[in-house]
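Novice: One structure follows; several queries about it will come next.
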Amino acid sequence: MGCNLEDSDPATGAMIDPAEQADFVAAVRAAADQAGTGLVINARVDTFIHGSGTPGERLAEALDRGGRYLAAGADCVYPIFAGDPEVIGALAKEMGGPINVLFRPGVPAIRDLAALGVARVSFGPGIHRAAQAFTARMLDAIARGDDPFPPA
């Protein structure tokens, strides 16, 4: 069992103070450990969505935040929307713990992410959306009386 803990306010997109978020991660870790759940905490770092500054400043902030969350008990850091191979490589090398990357168009291939040091890949709603689109094409073909599985 696992969860993502975001470090931005879902209502406003404002970044949460990293010390406050680290305290929250520590409290969740303590509660999960006390309950014996085996919870995996994936600490989401939102600097590439809601942060500000230059790309280098966002990277530095992501490393600072992620390091705090790992020290507080997170199992993995999820710098969501990090997509540049150099940034991903720096995160993997310098974070001090495993990182998770969101796979989407423009992100390196999975084998390349592994070579960069990525420990976990998330697909978000991508697989669900692809399955929905495929199902819609099949249903359209059926409604027309066509073969829903045409030869490739």
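Ligands are numbered from 1 in the order shown, residues from 1 within each chain, and chains are lettered A, B, ... in the order they appear in the structure tokens.
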Excluding Leu70 (chain A) and residues on its chain fewer than 3 positions from it, collect all residues at most 12 Å away from it, counting only C-alpha atoms, and give them as an MDAnalysis selection string.
Specialist: chainID A and resid 18 21:23 25:26 29 40:45 62:67 73:78 95:99
Novice: I'd like the contact shell of Ile80 (chain A) - 8 Å cut-off, only C-alpha atoms, skipping same-chain residues fewer than 2 positions apart - returned as a ChimeraX atom specification.
Specialist: /A:44-46,48-49,78,82,100-102
Novice: Select from region 25-124 of chain A everything DSSP, run on the backbone, classes as strand (DSSP E or B), then give the selection as a short mmCIF file (atom, residue, chain, number, x, y, z; two decimals) with all heavy atoms, in the first residue's frame.
Specialist:
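Output (out_9.cif):
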data_model
loop_
_atom_site.label_atom_id
_atom_site.label_comp_id
_atom_site.auth_asym_id
_atom_site.auth_seq_id
_atom_site.Cartn_x
_atom_site.Cartn_y
_atom_site.Cartn_z
N VAL A 40 4.08 2.75 1.89
CA VAL A 40 5.13 3.35 1.08
C VAL A 40 4.73 4.80 0.84
O VAL A 40 3.67 5.07 0.26
CB VAL A 40 5.33 2.61 -0.26
CG1 VAL A 40 6.31 3.35 -1.15
CG2 VAL A 40 5.79 1.18 -0.01
N ILE A 41 5.58 5.72 1.28
CA ILE A 41 5.31 7.15 1.10
C ILE A 41 6.12 7.65 -0.09
O ILE A 41 7.35 7.58 -0.10
CB ILE A 41 5.65 7.96 2.36
CG1 ILE A 41 4.80 7.50 3.53
CG2 ILE A 41 5.48 9.46 2.09
CD1 ILE A 41 5.18 8.14 4.86
N ASN A 42 5.41 8.13 -1.09
CA ASN A 42 5.99 8.73 -2.28
C ASN A 42 5.79 10.24 -2.11
O ASN A 42 4.68 10.75 -2.26
CB ASN A 42 5.26 8.20 -3.52
CG ASN A 42 6.02 8.38 -4.81
OD1 ASN A 42 7.24 8.43 -4.82
ND2 ASN A 42 5.30 8.44 -5.90
N ALA A 43 6.85 10.94 -1.74
CA ALA A 43 6.75 12.37 -1.44
C ALA A 43 6.83 13.17 -2.74
O ALA A 43 7.88 13.24 -3.37
CB ALA A 43 7.85 12.79 -0.48
N ARG A 44 5.70 13.74 -3.13
CA ARG A 44 5.66 14.49 -4.37
C ARG A 44 6.27 15.87 -4.16
O ARG A 44 5.96 16.56 -3.18
CB ARG A 44 4.22 14.61 -4.86
CG ARG A 44 4.16 14.78 -6.36
CD ARG A 44 2.76 14.73 -6.86
NE ARG A 44 2.22 16.09 -6.87
CZ ARG A 44 1.04 16.39 -7.39
NH1 ARG A 44 0.27 15.45 -7.89
NH2 ARG A 44 0.63 17.62 -7.39
N CYS A 76 10.34 7.40 -1.23
CA CYS A 76 10.66 7.78 -2.60
C CYS A 76 10.26 9.24 -2.79
O CYS A 76 9.37 9.73 -2.11
CB CYS A 76 9.87 6.88 -3.57
SG CYS A 76 10.33 6.98 -5.30
N VAL A 77 10.94 9.93 -3.71
CA VAL A 77 10.62 11.31 -4.02
C VAL A 77 10.09 11.37 -5.45
O VAL A 77 10.67 10.77 -6.36
CB VAL A 77 11.85 12.22 -3.85
CG1 VAL A 77 11.56 13.64 -4.31
CG2 VAL A 77 12.33 12.21 -2.41
N TYR A 78 9.02 12.10 -5.63
CA TYR A 78 8.30 12.17 -6.91
C TYR A 78 8.31 13.62 -7.42
O TYR A 78 7.37 14.37 -7.19
CB TYR A 78 6.89 11.68 -6.68
CG TYR A 78 6.00 11.50 -7.87
CD1 TYR A 78 6.46 11.55 -9.18
CD2 TYR A 78 4.65 11.26 -7.67
CE1 TYR A 78 5.59 11.37 -10.24
CE2 TYR A 78 3.78 11.07 -8.73
CZ TYR A 78 4.26 11.14 -10.02
OH TYR A 78 3.40 10.95 -11.07
N ILE A 99 13.99 8.04 -6.82
CA ILE A 99 13.05 9.00 -7.39
C ILE A 99 12.08 8.29 -8.32
O ILE A 99 12.35 7.24 -8.88
CB ILE A 99 13.72 10.18 -8.12
CG1 ILE A 99 14.42 9.74 -9.41
CG2 ILE A 99 14.66 10.93 -7.21
CD1 ILE A 99 14.72 10.87 -10.36
N ASN A 100 10.93 8.92 -8.48
CA ASN A 100 9.80 8.48 -9.29
C ASN A 100 9.60 9.55 -10.36
O ASN A 100 9.63 10.73 -10.07
CB ASN A 100 8.59 8.39 -8.37
CG ASN A 100 7.30 7.94 -9.01
OD1 ASN A 100 6.43 7.45 -8.32
ND2 ASN A 100 7.10 8.10 -10.28
N VAL A 101 9.39 9.13 -11.61
CA VAL A 101 9.15 10.08 -12.70
C VAL A 101 7.80 9.76 -13.34
O VAL A 101 7.45 8.59 -13.51
CB VAL A 101 10.28 10.01 -13.75
CG1 VAL A 101 9.93 10.78 -15.01
CG2 VAL A 101 11.58 10.55 -13.15
N LEU A 102 7.07 10.82 -13.70
CA LEU A 102 5.81 10.67 -14.42
C LEU A 102 6.13 10.51 -15.90
O LEU A 102 6.69 11.41 -16.51
CB LEU A 102 4.91 11.89 -14.21
CG LEU A 102 3.61 11.91 -15.01
CD1 LEU A 102 2.69 10.77 -14.56
CD2 LEU A 102 2.92 13.25 -14.85
N ARG A 120 11.36 4.42 -10.06
CA ARG A 120 9.93 4.13 -10.21
C ARG A 120 9.38 5.04 -11.30
O ARG A 120 9.72 6.21 -11.36
CB ARG A 120 9.23 4.40 -8.87
CG ARG A 120 7.76 4.09 -8.83
CD ARG A 120 7.24 4.28 -7.39
NE ARG A 120 5.89 3.83 -7.25
CZ ARG A 120 4.82 4.61 -7.36
NH1 ARG A 120 4.95 5.90 -7.60
NH2 ARG A 120 3.61 4.11 -7.22
N VAL A 121 8.52 4.49 -12.13
CA VAL A 121 7.86 5.26 -13.19
C VAL A 121 6.35 5.19 -12.97
O VAL A 121 5.80 4.11 -12.80
CB VAL A 121 8.22 4.72 -14.59
CG1 VAL A 121 7.48 5.49 -15.68
CG2 VAL A 121 9.73 4.79 -14.83
N SER A 122 5.71 6.35 -12.97
CA SER A 122 4.26 6.43 -12.87
C SER A 122 3.69 6.82 -14.22
O SER A 122 4.34 7.52 -14.99
CB SER A 122 3.84 7.48 -11.83
OG SER A 122 4.21 7.07 -10.54
#
Novice: Which is closest to Gly124 (chain A) among A:Phe81, A:Leu5, A:Asp140, A:Pro150, if we use only C-alpha atoms?
Specialist: A:Phe81
Novice: Between A:Glu94, A:Glu6, A:Glu57, A:Asp33, which one has atoms that come closest to Val118 (chain A), using only C-alpha atoms?
Specialist: A:Glu94
